[in-house]
$ cat query.txt   # compact mmCIF, C-alpha atoms
# COMPACT_ATOMS: atom_id res chain seq x y z
CA ALA A 1 0.00 0.00 0.00
CA VAL A 2 1.11 3.53 -0.77
CA SER A 3 -1.96 5.59 0.12
CA LEU A 4 -5.47 5.10 1.48
CA ASP A 5 -6.91 8.26 -0.08
CA PRO A 6 -6.76 7.77 -2.99
CA PRO A 7 -6.18 4.03 -2.65
CA LEU A 8 -2.77 3.43 -4.24
CA ALA A 9 -0.61 0.30 -4.39
CA GLN A 10 2.94 -0.21 -5.62
CA VAL A 11 4.77 -2.91 -7.52
CA THR A 12 8.49 -2.73 -8.21
CA LEU A 13 9.82 -4.74 -11.13
CA THR A 14 13.26 -5.26 -12.56
CA ARG A 15 13.26 -3.68 -16.01
CA SER A 16 14.42 -6.98 -17.57
CA SER A 17 11.33 -8.88 -16.32
CA LYS A 18 8.62 -9.95 -18.74
CA ALA A 19 5.95 -8.15 -16.70
CA ALA A 20 7.75 -4.77 -16.81
CA GLN A 21 7.05 -4.39 -20.53
CA TYR A 22 3.29 -4.69 -19.96
CA LEU A 23 2.70 -2.44 -16.95
CA GLU A 24 3.49 1.06 -18.14
CA ASP A 25 0.16 2.85 -18.73
CA ALA A 26 -1.81 -0.41 -18.50
CA PRO A 27 -4.22 -1.71 -15.85
CA PHE A 28 -2.83 -4.52 -13.71
CA ALA A 29 -3.65 -6.83 -10.82
CA ILE A 30 -1.73 -7.59 -7.68
CA ASN A 31 -2.40 -11.25 -6.91
CA ILE A 32 -1.85 -12.22 -3.28
CA LEU A 33 -1.39 -15.97 -3.46
CA SER A 34 -3.14 -18.49 -1.23
CA GLN A 35 -1.53 -21.59 0.28
CA GLY A 36 -3.05 -23.66 -2.54
CA GLN A 37 -1.04 -21.70 -5.13
CA LEU A 38 2.46 -22.91 -4.32
CA ASP A 39 2.86 -24.12 -7.92
CA ALA A 40 1.92 -20.63 -9.19
CA ALA A 41 4.63 -19.12 -6.98
CA TRP A 42 7.20 -21.56 -8.37
CA HIS A 43 5.99 -20.86 -11.92
CA PHE A 44 6.60 -17.11 -11.54
CA ALA A 45 9.95 -17.83 -9.91
CA GLY A 46 10.96 -19.51 -13.19
CA LYS A 47 10.50 -23.21 -12.38
CA THR A 48 9.21 -25.26 -15.30
CA LEU A 49 5.95 -27.00 -14.37
CA PRO A 50 3.63 -29.20 -16.44
CA ASP A 51 0.70 -26.76 -16.21
CA PRO A 52 0.62 -22.96 -16.06
CA PRO A 53 -1.32 -21.24 -13.25
CA ALA A 54 -5.08 -20.93 -13.70
CA TRP A 55 -6.14 -17.39 -14.60
CA THR A 56 -8.91 -15.38 -16.19
CA LEU A 57 -9.22 -12.05 -17.93
CA ASP A 58 -11.28 -9.54 -15.90
CA GLY A 59 -11.85 -6.86 -18.51
CA GLU A 60 -8.32 -5.95 -19.57
CA VAL A 61 -6.66 -7.32 -16.44
CA PRO A 62 -5.27 -10.88 -16.15
CA VAL A 63 -6.12 -12.27 -12.71
CA LEU A 64 -4.97 -15.54 -11.17
CA LEU A 65 -7.71 -17.85 -9.85
CA GLU A 66 -7.90 -19.07 -6.23
CA ASN A 67 -6.02 -16.06 -4.78
CA LYS A 68 -6.16 -15.02 -1.16
CA ALA A 69 -6.74 -11.46 -2.40
CA THR A 70 -6.66 -9.51 -5.64
CA LEU A 71 -6.17 -5.77 -6.08
CA GLU A 72 -7.06 -4.51 -9.54
CA CYS A 73 -5.33 -1.24 -10.36
CA ARG A 74 -5.49 1.49 -12.97
CA PRO A 75 -2.23 3.19 -13.97
CA TRP A 76 -1.31 6.13 -11.72
CA ARG A 77 2.44 6.84 -12.09
CA VAL A 78 5.64 5.08 -13.11
CA TYR A 79 8.92 6.16 -11.52
CA ASP A 80 12.52 5.45 -12.45
CA GLY A 81 14.12 3.14 -9.92
CA GLY A 82 17.42 2.56 -11.71
CA ASP A 83 17.34 -1.01 -12.98
CA HIS A 84 13.77 -1.26 -11.63
CA ALA A 85 10.48 0.40 -12.57
CA ILE A 86 8.36 1.60 -9.65
CA VAL A 87 4.74 1.31 -10.77
CA ILE A 88 1.95 2.94 -8.74
CA GLY A 89 -1.63 1.93 -9.46
CA GLN A 90 -4.94 3.28 -8.16
CA VAL A 91 -6.90 0.38 -6.68
CA HIS A 92 -10.40 0.27 -8.14
CA LYS A 93 -11.38 -3.27 -7.16
CA LEU A 94 -10.45 -5.43 -4.19
CA GLU A 95 -11.46 -9.04 -3.60
CA ILE A 96 -10.51 -10.97 -0.46
CA ALA A 97 -11.20 -14.70 -0.18
CA ASP A 98 -11.51 -16.85 2.90
CA ARG A 99 -8.22 -18.66 2.25
CA ASP A 100 -4.91 -18.68 4.09
CA PRO A 101 -2.19 -16.67 2.33
CA LEU A 102 0.96 -18.20 0.93
CA LEU A 103 3.81 -16.74 2.98
CA PHE A 104 7.48 -16.46 2.06
CA PHE A 105 9.93 -15.52 4.80
CA GLY A 106 13.59 -16.27 5.38
CA GLY A 107 13.98 -17.99 2.02
CA LYS A 108 11.17 -20.51 2.67
CA PHE A 109 7.43 -20.84 2.23
CA ARG A 110 5.65 -20.77 5.60
CA GLU A 111 2.24 -21.25 7.18
CA ILE A 112 0.53 -18.89 9.58
CA GLY A 113 1.06 -20.00 13.18
CA PRO A 114 -1.03 -19.38 16.26
CA LEU A 115 -1.63 -15.80 17.41
CA SER A 116 0.78 -14.39 19.92
CA GLY A 117 -1.04 -13.55 23.15
CA SER A 118 1.01 -10.40 23.64
CA SER A 119 0.10 -8.81 20.30
CA HIS A 120 -3.10 -6.88 19.97
CA TRP A 121 -4.05 -3.97 17.77
CA HIS A 122 -4.64 -1.49 20.59
CA HIS A 123 -1.04 -1.96 21.75
CA CYS A 124 0.30 -1.11 18.30
CA GLY A 125 1.89 2.30 17.79
CA ASP A 126 -0.08 2.69 14.56
CA SER A 127 -3.47 2.25 16.20
CA LEU A 128 -5.81 5.21 16.43
CA GLU A 129 -5.89 4.87 20.22
CA ALA A 130 -2.11 5.40 20.43
CA GLY A 131 -2.53 8.98 19.26
CA TRP A 132 -0.30 8.61 16.21
CA PHE A 133 -2.61 10.69 14.02
CA ALA A 134 -3.33 13.29 16.70
CA GLY A 135 0.11 14.84 16.11
CA ALA A 136 -0.44 15.23 12.37
CA GLU A 137 -0.86 19.00 12.72
CA SER A 138 2.74 19.28 13.87
CA PHE A 139 4.10 17.94 10.58
CA LYS A 140 5.09 20.48 7.93
CA ALA A 141 3.80 20.08 4.41
CA LEU A 142 6.43 19.17 1.82
CA VAL A 143 7.16 22.01 -0.58
CA ASN A 144 8.08 21.34 -4.20
CA ALA A 145 11.52 22.73 -4.94

$ encode --input "query.txt" --output "structure tokens"
Amino acid sequence: AVSLDPPLAQVTLTRSSKAAQYLEDAPFAINILSQGQLDAAWHFAGKTLPDPPAWTLDGEVPVLLENKATLECRPWRVYDGGDHAIVIGQVHKLEIADRDPLLFFGGKFREIGPLSGSSHWHHCGDSLEAGWFAGAESFKALVNA
């Protein structure tokens, strides 16, 4: 996520990737994979598999099937990131399924474990109750140079 208002999301792609050539000024989807899509993850990592991932075309946007979540985006901005393109899209459609996400951490695919008893939203520094946003008036607006 980049912004809530307007809703913006970011993808960063190496310029040599196949996807980079399609994203500039084109609608796109961010597919958040579910645990059942391990083969799709391996496919996009470059592993040769007998069958490609299942997908559909939602208007102009290719969307994988069986995702945990899908964010469909319209082009917003593309920024130079050296050997990467930083693509910002305005989210116009969001679908969230009742599936566990596929997680990748520390070089391995993982499953969600039990909740930690010590973690709760109201203890988080980003929660509304913590007063994070109350100090927003003290921040100075950025001025274009």

$ residues_near_point --input "query.txt" --point "(-4.8, 4.6, -8.7)" --cutoff "9 Å" --atoms "all atoms listed in the file" --output "list of chain:residue names"
A:Pro6, A:Pro7, A:Leu8, A:Ala9, A:Cys73, A:Arg74, A:Pro75, A:Trp76, A:Arg77, A:Ile88, A:Gly89, A:Gln90, A:Val91, A:His92

$ closest_residue --input "query.txt" --among "A:Asp39, A:Asp83, A:Glu72, A:Asp5" --to "Ser17 in chain A" --atoms "only C-alpha atoms"
A:Asp83

$ closest_residue --input "query.txt" --among "A:Arg99, A:His43, A:His84, A:Arg15" --to "Lys68 in chain A" --atoms "all atoms listed in the file"
A:Arg99

$ closest_residue --input "query.txt" --among "A:Trp55, A:Trp42, A:Phe28, A:Phe104" --to "Leu71 in chain A" --atoms "all atoms listed in the file"
A:Phe28

$ closest_residue --input "query.txt" --among "A:Pro114, A:Pro52, A:Gly81, A:Gly46" --to "Leu64 in chain A" --atoms "all atoms listed in the file"
A:Pro52
